[in-house]
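Next up, target-v5.cif (mmCIF, C-alpha atoms):
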data_coords
loop_
_atom_site.label_atom_id
_atom_site.label_comp_id
_atom_site.auth_asym_id
_atom_site.auth_seq_id
_atom_site.Cartn_x
_atom_site.Cartn_y
_atom_site.Cartn_z
CA MET A 230 12.54 130.12 73.82
CA LYS A 231 15.08 130.79 71.16
CA LYS A 232 18.32 128.85 71.34
CA ASN A 233 21.46 130.85 70.92
CA ASN A 234 23.11 129.51 67.78
CA LYS A 235 26.28 131.60 68.03
CA LYS A 236 29.24 129.27 68.70
CA GLY A 237 32.04 130.41 71.00
CA PHE A 238 35.64 130.75 69.73
CA ILE A 239 37.86 129.94 72.73
CA LEU A 240 38.51 126.28 71.85
CA ALA A 241 39.47 126.97 68.28
CA GLU A 242 41.76 129.81 69.34
CA THR A 243 43.45 127.71 71.99
CA ILE A 244 44.11 124.93 69.53
CA ALA A 245 45.48 127.35 66.94
CA VAL A 246 47.83 129.05 69.42
CA SER A 247 48.94 125.70 70.87
CA VAL A 248 49.82 124.38 67.42
CA VAL A 249 51.91 127.47 66.69
CA ILE A 250 53.75 127.29 70.03
CA MET A 251 54.41 123.56 69.79
CA THR A 252 55.73 123.91 66.24
CA SER A 253 58.16 126.65 67.25
CA LEU A 254 59.35 124.65 70.26
CA VAL A 255 59.95 121.58 68.13
CA ILE A 256 62.03 123.71 65.75
CA VAL A 257 64.05 125.15 68.66
CA TYR A 258 64.60 121.69 70.09
CA THR A 259 65.84 120.23 66.81
CA GLN A 260 68.28 123.12 66.41
CA PHE A 261 69.54 122.49 69.93
CA SER A 262 69.94 118.78 69.14
CA THR A 263 72.04 119.69 66.11
CA LEU A 264 74.23 121.89 68.31
CA ASN A 265 74.51 119.13 70.89
CA ASN A 266 75.64 116.63 68.24
CA SER A 267 78.20 119.13 66.92
CA TYR A 268 79.55 119.49 70.42
CA LYS A 269 79.76 115.72 70.79
CA THR A 270 81.76 115.58 67.57
CA SER A 271 84.17 118.30 68.67
CA PHE A 272 84.86 116.53 71.96
CA GLU A 273 85.19 113.03 70.60
CA TYR A 274 86.97 113.71 67.34
CA ASN A 275 90.46 115.17 66.93
CA ASN A 276 90.72 116.95 70.27
CA VAL A 277 94.05 118.60 71.05
CA ASN A 278 95.15 116.08 73.66
CA ASN A 279 94.61 113.13 71.31
CA LEU A 280 96.23 114.83 68.34
CA TYR A 281 99.45 115.24 70.28
CA LEU A 282 99.36 111.56 71.26
CA VAL A 283 98.85 110.52 67.64
CA ASN A 284 101.67 112.89 66.68
CA ASN A 285 103.95 110.99 69.06
CA LEU A 286 103.07 107.74 67.35
CA ARG A 287 103.50 109.28 63.91
CA ASN A 288 106.93 110.63 64.84
CA PHE A 289 107.93 107.22 66.16
CA ILE A 290 107.01 105.60 62.84
CA LYS A 291 108.64 108.34 60.76
CA THR A 292 111.86 108.45 62.80
CA ASP A 293 112.71 104.90 61.87
CA GLY A 294 112.55 105.04 58.07
CA SER A 295 112.44 101.29 57.68
CA ASP A 296 109.23 101.09 59.72
CA PHE A 297 107.55 103.54 57.41
CA ASP A 298 108.78 101.73 54.29
CA ASN A 299 107.63 98.40 55.74
CA LEU A 300 104.20 99.84 56.39
CA ILE A 301 103.85 101.20 52.86
CA SER A 302 104.89 97.94 51.25
CA ARG A 303 102.59 95.96 53.57
CA LEU A 304 99.68 98.30 52.81
CA GLY A 305 100.09 97.64 49.09
CA GLU A 306 96.70 97.42 47.47
CA ASN A 307 94.85 97.03 50.79
CA GLU A 308 92.73 99.83 52.13
CA TYR A 309 94.21 99.66 55.63
CA ILE A 310 96.54 97.80 57.98
CA ASP A 311 95.71 97.37 61.66
CA ILE A 312 98.97 98.01 63.51
CA THR A 313 97.56 98.08 67.06
CA SER A 314 99.62 95.04 68.06
CA CYS A 315 102.86 96.55 66.64
CA PRO A 316 103.77 93.55 64.45
CA ASN A 317 107.46 92.72 64.83
CA ASP A 318 107.79 92.08 61.12
CA ILE A 319 106.96 95.75 60.53
CA PHE A 320 108.50 97.50 63.53
CA ASP A 321 112.10 97.00 64.58
CA GLU A 322 111.36 98.57 67.96
CA TYR A 323 108.04 96.79 68.46
CA LEU A 324 108.44 96.75 72.26
CA TYR A 325 108.70 100.52 72.33
CA CYS A 326 105.75 100.73 69.95
CA GLU A 327 103.70 98.64 72.39
CA LEU A 328 104.82 100.90 75.25
CA LEU A 329 103.70 104.00 73.37
CA ILE A 330 100.33 102.57 72.43
CA GLU A 331 99.57 101.22 75.89
CA ASN A 332 100.47 104.43 77.71
CA SER A 333 98.61 106.59 75.20
CA ASN A 334 95.44 104.67 76.10
CA ILE A 335 95.03 103.66 72.46
CA LYS A 336 92.61 100.93 71.44
CA THR A 337 93.03 100.76 67.65
CA VAL A 338 95.56 102.09 65.15
CA LEU A 339 94.95 101.91 61.42
CA PHE A 340 97.50 102.83 58.75
CA THR A 341 95.77 103.83 55.52
CA ASN A 342 96.14 105.80 52.34
CA GLU A 343 95.23 109.45 52.57
CA ASP A 344 92.28 108.86 50.24
CA ILE A 345 89.95 106.71 52.30
CA SER A 346 86.90 106.77 50.03
CA ASN A 347 87.19 103.00 49.45
CA LEU A 348 87.82 102.38 53.14
CA LYS A 349 84.56 104.16 53.94
CA ASN A 350 82.75 101.73 51.66
CA ILE A 351 84.18 98.58 53.23
CA ILE A 352 84.47 99.62 56.88
CA ASP A 353 80.92 98.44 57.68
CA ASN A 354 82.01 94.89 56.90
CA THR A 355 84.68 94.95 59.62
CA ASN A 356 84.45 94.19 63.33
CA TYR A 357 85.37 97.66 64.55
CA SER A 358 83.00 99.51 66.85
CA GLN A 359 80.19 101.55 65.34
CA ASN A 360 81.72 104.73 66.80
CA MET A 361 84.99 103.96 65.00
CA LYS A 362 83.13 103.40 61.74
CA ASN A 363 81.23 106.67 62.19
CA PHE A 364 84.49 108.53 62.76
CA ILE A 365 86.08 107.07 59.63
CA LYS A 366 83.08 108.05 57.56
CA LYS A 367 83.34 111.63 58.79
CA ILE A 368 87.00 112.06 57.81
CA ASN A 369 87.41 114.44 54.89
CA ASN A 370 88.76 112.78 51.78
CA SER A 371 91.85 113.96 50.04
CA THR A 372 93.56 112.85 46.88
CA GLN A 373 97.13 113.73 47.79
CA ASN A 374 99.53 110.85 47.60
CA SER A 375 100.18 110.52 51.31
CA LYS A 376 99.41 108.14 54.16
CA ARG A 377 97.27 108.46 57.23
CA LEU A 378 97.03 107.22 60.80
CA ILE A 379 93.54 106.66 62.24
CA VAL A 380 93.54 106.11 65.99
CA GLY A 381 90.76 105.07 68.35
CA PHE A 382 91.28 105.50 72.09
CA ASN A 383 89.91 103.44 74.96
CA ASP A 384 87.62 106.28 76.07
CA ASP A 385 85.83 106.23 72.68
CA THR A 386 87.55 109.32 71.34
CA TYR A 387 89.26 109.37 67.96
CA ALA A 388 91.92 111.26 66.05
CA THR A 389 93.61 111.14 62.68
CA LEU A 390 96.77 112.67 61.24
CA LEU A 391 98.47 112.61 57.86
CA PHE A 392 102.09 111.69 57.27
CA MET B 274 22.03 137.89 70.32
CA LYS B 275 24.99 137.64 72.62
CA LYS B 276 28.22 135.85 71.68
CA GLY B 277 29.42 133.42 74.24
CA PHE B 278 30.98 130.09 74.94
CA THR B 279 29.79 127.07 76.73
CA THR B 280 31.11 125.69 80.01
CA VAL B 281 32.15 122.52 78.24
CA GLU B 282 34.28 124.50 75.82
CA LEU B 283 35.85 126.38 78.71
CA ILE B 284 36.72 123.18 80.52
CA VAL B 285 38.14 121.53 77.39
CA SER B 286 40.16 124.64 76.52
CA PHE B 287 41.70 125.01 79.95
CA SER B 288 42.47 121.30 80.15
CA LEU B 289 44.21 121.41 76.80
CA THR B 290 46.08 124.54 77.84
CA MET B 291 47.28 122.93 81.08
CA VAL B 292 48.55 119.85 79.26
CA ILE B 293 50.44 122.02 76.79
CA VAL B 294 51.88 124.21 79.56
CA VAL B 295 53.20 121.14 81.38
CA PHE B 296 54.96 119.94 78.21
CA LEU B 297 56.26 123.45 77.60
CA PHE B 298 57.80 123.64 81.05
CA GLN B 299 59.33 120.21 80.66
CA ILE B 300 60.94 121.21 77.37
CA VAL B 301 62.26 124.46 78.79
CA ILE B 302 63.70 122.70 81.86
CA ASP B 303 65.38 120.04 79.67
CA LEU B 304 66.82 122.68 77.36
CA LYS B 305 68.20 124.59 80.33
CA LYS B 306 69.86 121.42 81.65
CA ILE B 307 71.39 120.69 78.22
CA TYR B 308 72.65 124.28 78.03
CA ASP B 309 74.24 124.17 81.50
CA VAL B 310 75.92 120.80 80.91
CA ASP B 311 77.25 121.79 77.49
CA LEU B 312 78.60 125.06 78.90
CA LEU B 313 80.48 123.10 81.54
CA LYS B 314 81.78 120.59 78.99
CA THR B 315 82.97 123.42 76.75
CA GLU B 316 84.87 125.06 79.58
CA LEU B 317 86.52 121.78 80.59
CA LEU B 318 87.37 120.92 76.99
CA ASN B 319 88.94 124.35 76.48
CA LYS B 320 91.08 123.98 79.59
CA GLN B 321 92.11 120.47 78.55
CA SER B 322 93.16 121.75 75.12
CA ILE B 323 95.15 124.67 76.52
CA ILE B 324 96.94 122.63 79.20
CA SER B 325 97.79 119.86 76.75
CA ASP B 326 99.04 122.36 74.18
CA LYS B 327 101.20 124.25 76.71
CA ILE B 328 102.93 121.12 77.97
CA ASN B 329 103.36 119.43 74.60
CA SER B 330 104.63 122.63 72.95
CA SER B 331 107.27 123.11 75.63
CA PHE B 332 108.40 119.49 75.40
CA ASN B 333 108.48 119.56 71.59
CA GLU B 334 110.43 122.81 71.35
CA LYS B 335 112.98 122.14 74.06
CA GLN B 336 114.90 119.13 75.31
CA LEU B 337 114.00 118.02 78.80
CA ILE B 338 117.08 117.10 80.84
CA ASP B 339 116.00 117.03 84.46
CA ILE B 340 113.02 117.10 86.81
CA SER B 341 113.21 118.41 90.36
CA ASN B 342 110.82 118.85 93.24
CA CYS B 343 109.58 122.38 93.97
CA GLY B 344 107.28 121.74 96.89
CA GLU B 345 104.08 119.87 97.55
CA ASN B 346 102.46 118.66 94.33
CA CYS B 347 105.02 120.64 92.38
CA LEU B 348 107.61 119.56 89.83
CA ASN B 349 110.15 121.71 88.00
CA PHE B 350 110.96 120.61 84.44
CA ILE B 351 114.42 121.78 83.38
CA TYR B 352 115.42 122.05 79.73
CA SER B 353 118.77 121.98 77.96
CA ASP B 354 118.61 125.75 77.28
CA ASN B 355 118.53 126.32 81.08
CA SER B 356 114.90 127.38 81.05
CA SER B 357 112.32 125.60 83.17
CA ASP B 358 108.60 125.15 83.66
CA ILE B 359 106.78 124.44 86.88
CA LEU B 360 103.92 121.97 86.99
CA LYS B 361 101.84 122.45 90.10
CA ILE B 362 98.50 121.19 91.36
CA ASP B 363 96.87 123.14 94.18
CA TYR B 364 94.04 121.08 95.65
CA ASN B 365 92.95 123.84 98.05
CA GLU B 366 92.53 126.32 95.26
CA ASN B 367 91.47 123.59 92.79
CA SER B 368 93.95 124.95 90.29
CA PHE B 369 96.50 123.65 87.82
CA GLN B 370 99.63 125.48 86.71
CA PHE B 371 102.18 124.82 84.00
CA GLY B 372 104.79 127.46 83.35
CA SER B 373 103.14 130.83 83.23
CA TYR B 374 99.68 129.38 82.60
CA LYS B 375 97.51 128.85 85.62
CA THR B 376 93.87 127.87 85.57
CA ILE B 377 91.23 127.27 88.21
CA LEU B 378 88.95 124.36 87.52
CA PRO B 379 85.15 124.90 87.32
CA ASP B 380 83.07 124.22 90.42
CA ASP B 381 82.61 120.54 91.27
CA SER B 382 85.61 119.59 89.09
CA TYR B 383 88.57 117.82 90.61
CA ILE B 384 91.89 116.25 89.73
CA SER B 385 92.13 112.63 90.77
CA ASN B 386 95.20 110.37 90.96
CA PRO B 387 97.69 112.26 88.79
CA ARG B 388 100.57 110.12 87.52
CA ILE B 389 103.95 111.46 86.53
CA GLU B 390 106.44 108.69 85.92
CA THR B 391 108.99 107.27 83.55
CA VAL B 392 108.49 103.97 81.78
CA HIS B 393 111.20 102.01 79.96
CA SER B 394 111.27 99.29 77.35
CA GLY B 395 113.92 97.15 75.71
CA THR B 396 115.19 98.20 72.29
CA PHE B 397 117.30 96.62 69.59
CA TYR B 398 119.30 99.73 68.84
CA GLN B 399 121.08 101.70 71.51
CA TYR B 400 120.44 104.94 69.66
CA SER B 401 116.65 104.44 69.65
CA ASP B 402 114.31 106.08 72.13
CA ASN B 403 113.61 103.51 74.82
CA SER B 404 111.77 105.47 77.50
CA ILE B 405 108.83 107.76 77.99
CA LEU B 406 107.95 110.38 80.55
CA LEU B 407 104.24 109.95 81.17
CA ILE B 408 102.17 112.81 82.58
CA ASN B 409 98.61 111.69 83.21
CA ILE B 410 96.35 114.14 85.03
CA PRO B 411 92.68 113.05 85.05
CA ILE B 412 90.08 115.78 85.60
CA TYR B 413 86.51 114.81 86.49
CA ASN B 414 83.31 116.69 87.30
CA ASP B 415 80.47 115.54 89.54
CA TYR B 416 77.87 116.40 86.88
CA LEU B 417 79.61 114.61 84.03
CA LYS B 418 79.55 110.97 85.03
CA ASN B 419 83.01 109.38 84.73
CA GLN B 420 84.01 111.52 81.75
CA ASN B 421 87.70 112.33 81.92
CA TYR B 422 88.64 115.85 80.77
CA GLY B 423 92.24 115.46 81.85
CA ILE B 424 95.46 115.28 79.88
CA THR B 425 97.90 112.59 78.88
CA VAL B 426 101.29 113.81 77.73
CA ILE B 427 104.10 111.52 76.57
CA TYR B 428 107.69 112.67 76.16
CA ARG B 429 109.97 110.22 74.36
CA TYR B 430 113.66 110.00 75.16
CA ASN B 431 116.66 107.68 75.16
CA SER B 432 117.79 106.77 78.69
CA ASN B 433 121.19 105.71 77.30
CA GLU B 434 121.87 109.39 76.57
CA PHE B 435 120.43 110.79 79.79
CA ASP B 436 117.97 109.55 82.34
CA LEU B 437 115.04 111.37 83.86
CA ASN B 438 114.28 110.69 87.49
CA VAL B 439 110.87 111.87 88.60
CA PRO B 440 110.79 113.05 92.24
CA GLU B 441 107.89 112.07 94.41
CA PHE B 442 104.75 113.93 93.40
CA ASN B 443 102.46 113.96 96.44
CA ASP B 444 98.85 113.27 95.59
CA SER B 445 96.49 114.98 98.04
CA SER B 446 93.34 114.37 95.97
#

Can you dump the structure from the file as structure tokens?
Amino acid sequence: MKKNNKKGFILAETIAVSVVIMTSLVIVYTQFSTLNNSYKTSFEYNNVNNLYLVNNLRNFIKTDGSDFDNLISRLGENEYIDITSCPNDIFDEYLYCELLIENSNIKTVLFTNEDISNLKNIIDNTNYSQNMKNFIKKINNSTQNSKRLIVGFNDDTYATLLF
Amino acid sequence: MKKGFTTVELIVSFSLTMVIVVFLFQIVIDLKKIYDVDLLKTELLNKQSIISDKINSSFNEKQLIDISNCGENCLNFIYSDNSSDILKIDYNENSFQFGSYKTILPDDSYISNPRIETVHSGTFYQYSDNSILLINIPIYNDYLKNQNYGITVIYRYNSNEFDLNVPEFNDSS
């Protein structure tokens, strides 16, 4: 009795189709992940509510000219100053500064130069949260001769504004 | 000679197909969940942005001089140019209104423990701002665990020039 030597094709076809479908699904999923991460960024970074709160703080600093001058001279050659605690040797109205920061739900306030390329290099050596470091690294650099406020809030959202 | 396939091949093929179909369905279900959640987050974030912008713009452009009660969960903010804006929370309708802007929150969203109050601090100079009007309206959603899509608005003023007294704002949340 002759054996039938013709091999069937269904297994090979199934495998080929499965590979194609799985590859396309993986591509769709990675695109969706990218979109999801972009959404996360838009919610956590520079949302409207936080920008207005940082604007309040910025206006407070700018209104009293001596505060701003004190900050600039204290910044000097450093990459940043942490002013979360409203140091009374910088701010005349440090009590009001504390009131603003507490009621804005702010966790960290950094005063920096507008160009933060050096700050991005050294920020990993600090004790700030990883989310804060990631936010700083995402800020677009600029070479204008201005100053910047970088603010982290207690709910892990962040915002930055220039002076 | 007839072409054909063996039973073993059939069984292996169908088994492989079933495994792949299960993974496919899982991926599709997960993607649908991600889509629905992100749609909800986008809507809440948009409303947060608009509400915050409306209130902050009004406060930045005009000087607030008085606040009066306009009913249950309703405050009337009066400005120096004699204009005014109403801030109202309607828990039955699940809506929020400021001025001419009114929005209904998405399903399963709710406002919880709104705070509208003034806070004062000591200052060295009498001409410095020493007070804030704090408007804190948290908005939560049952599907977004403990994420707050509400607003926090701060209005700075000097109570030595004029004082703001906030009437009772009933919280029926």

Could you list the residues in chain A lying within 8 Å of chain B, using only C-alpha atoms, and format the result as a PDB file with C-alpha atoms, in the frame of the given file?
ATOM      1  CA  ASN A 233      21.460 130.850  70.920  1.00  0.00           C
ATOM      2  CA  LYS A 235      26.280 131.600  68.030  1.00  0.00           C
ATOM      3  CA  LYS A 236      29.240 129.270  68.700  1.00  0.00           C
ATOM      4  CA  GLY A 237      32.040 130.410  71.000  1.00  0.00           C
ATOM      5  CA  PHE A 238      35.640 130.750  69.730  1.00  0.00           C
ATOM      6  CA  ILE A 239      37.860 129.940  72.730  1.00  0.00           C
ATOM      7  CA  LEU A 240      38.510 126.280  71.850  1.00  0.00           C
ATOM      8  CA  THR A 243      43.450 127.710  71.990  1.00  0.00           C
ATOM      9  CA  SER A 247      48.940 125.700  70.870  1.00  0.00           C
ATOM     10  CA  TYR A 258      64.600 121.690  70.090  1.00  0.00           C
ATOM     11  CA  PHE A 261      69.540 122.490  69.930  1.00  0.00           C
ATOM     12  CA  ASN A 265      74.510 119.130  70.890  1.00  0.00           C
ATOM     13  CA  TYR A 268      79.550 119.490  70.420  1.00  0.00           C
ATOM     14  CA  PHE A 272      84.860 116.530  71.960  1.00  0.00           C
ATOM     15  CA  ASN A 276      90.720 116.950  70.270  1.00  0.00           C
ATOM     16  CA  VAL A 277      94.050 118.600  71.050  1.00  0.00           C
ATOM     17  CA  ASN A 278      95.150 116.080  73.660  1.00  0.00           C
ATOM     18  CA  TYR A 281      99.450 115.240  70.280  1.00  0.00           C
ATOM     19  CA  LEU A 282      99.360 111.560  71.260  1.00  0.00           C
ATOM     20  CA  ASN A 285     103.950 110.990  69.060  1.00  0.00           C
ATOM     21  CA  ASP A 321     112.100  97.000  64.580  1.00  0.00           C
ATOM     22  CA  GLU A 322     111.360  98.570  67.960  1.00  0.00           C
ATOM     23  CA  LEU A 324     108.440  96.750  72.260  1.00  0.00           C
ATOM     24  CA  TYR A 325     108.700 100.520  72.330  1.00  0.00           C
ATOM     25  CA  LEU A 328     104.820 100.900  75.250  1.00  0.00           C
ATOM     26  CA  LEU A 329     103.700 104.000  73.370  1.00  0.00           C
ATOM     27  CA  ASN A 332     100.470 104.430  77.710  1.00  0.00           C
ATOM     28  CA  SER A 333      98.610 106.590  75.200  1.00  0.00           C
TER      29      SER A 333
END

Could you pull the residues within 10 Å of A:Asn284, counting all atoms listed in the file, minus those fewer than 3 positions along the same chain, as an mmCIF file with C-alpha atoms, keeping the file's coordinate frame?
data_model
loop_
_atom_site.group_PDB
_atom_site.id
_atom_site.type_symbol
_atom_site.label_atom_id
_atom_site.label_comp_id
_atom_site.auth_asym_id
_atom_site.auth_seq_id
_atom_site.Cartn_x
_atom_site.Cartn_y
_atom_site.Cartn_z
ATOM 1 C CA ASN A 279 94.610 113.130 71.310
ATOM 2 C CA LEU A 280 96.230 114.830 68.340
ATOM 3 C CA TYR A 281 99.450 115.240 70.280
ATOM 4 C CA ARG A 287 103.500 109.280 63.910
ATOM 5 C CA ASN A 288 106.930 110.630 64.840
ATOM 6 C CA PHE A 289 107.930 107.220 66.160
ATOM 7 C CA ILE A 290 107.010 105.600 62.840
ATOM 8 C CA LEU A 378 97.030 107.220 60.800
ATOM 9 C CA ALA A 388 91.920 111.260 66.050
ATOM 10 C CA THR A 389 93.610 111.140 62.680
ATOM 11 C CA LEU A 390 96.770 112.670 61.240
ATOM 12 C CA LEU A 391 98.470 112.610 57.860
ATOM 13 C CA PHE A 392 102.090 111.690 57.270
#

Selection under test: the PyMOL selection byres ((chain A and resi 380) around 8); residues as a tab-separated table (two decimals) with C-alpha atoms, in the coordinates of the input:
chain	number	residue	atom	x	y	z
A	283	VAL	CA	98.85	110.52	67.64
A	335	ILE	CA	95.03	103.66	72.46
A	336	LYS	CA	92.61	100.93	71.44
A	337	THR	CA	93.03	100.76	67.65
A	338	VAL	CA	95.56	102.09	65.15
A	339	LEU	CA	94.95	101.91	61.42
A	378	LEU	CA	97.03	107.22	60.80
A	379	ILE	CA	93.54	106.66	62.24
A	381	GLY	CA	90.76	105.07	68.35
A	382	PHE	CA	91.28	105.50	72.09
A	387	TYR	CA	89.26	109.37	67.96
A	388	ALA	CA	91.92	111.26	66.05
A	389	THR	CA	93.61	111.14	62.68

_Result set of the PyMOL selection byres ((chain B and resi 349) around 10) on the coordinates above, as a ChimeraX atom specification_ = /B:339-344,347-348,350-352,357-361,371-372,439-440

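Picked out by the PyMOL selection byres ((chain A and resi 307) around 10) when it runs on this file: Arg303, Leu304, Gly305, Glu306, Glu308, Tyr309, Ile310, Thr341, Asn342, Asn347 and Leu348 of chain A.
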
*Point-to-point distance in Å for atom CA of A:Leu300 and atom CA of B:Thr391*: 28.6 Å

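The space separating atom CA of A:Asn363 from atom CA of A:Arg377 comes to 16.9 Å.
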
_Interatomic distance (Å, one decimal) between atom CA of A:Asn266 and atom CA of B:Phe298_ =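 Atom CA of A:Asn266 sits 23.1 Å away from atom CA of B:Phe298.
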
*Counting all atoms listed in the file, which residues come within 10 Å of (74.8, 114.5, 83.1), with the point read in the file's coordinates, and could you list them as an NGL selection string?*
:B and (306-307 or 309-311 or 414-420)
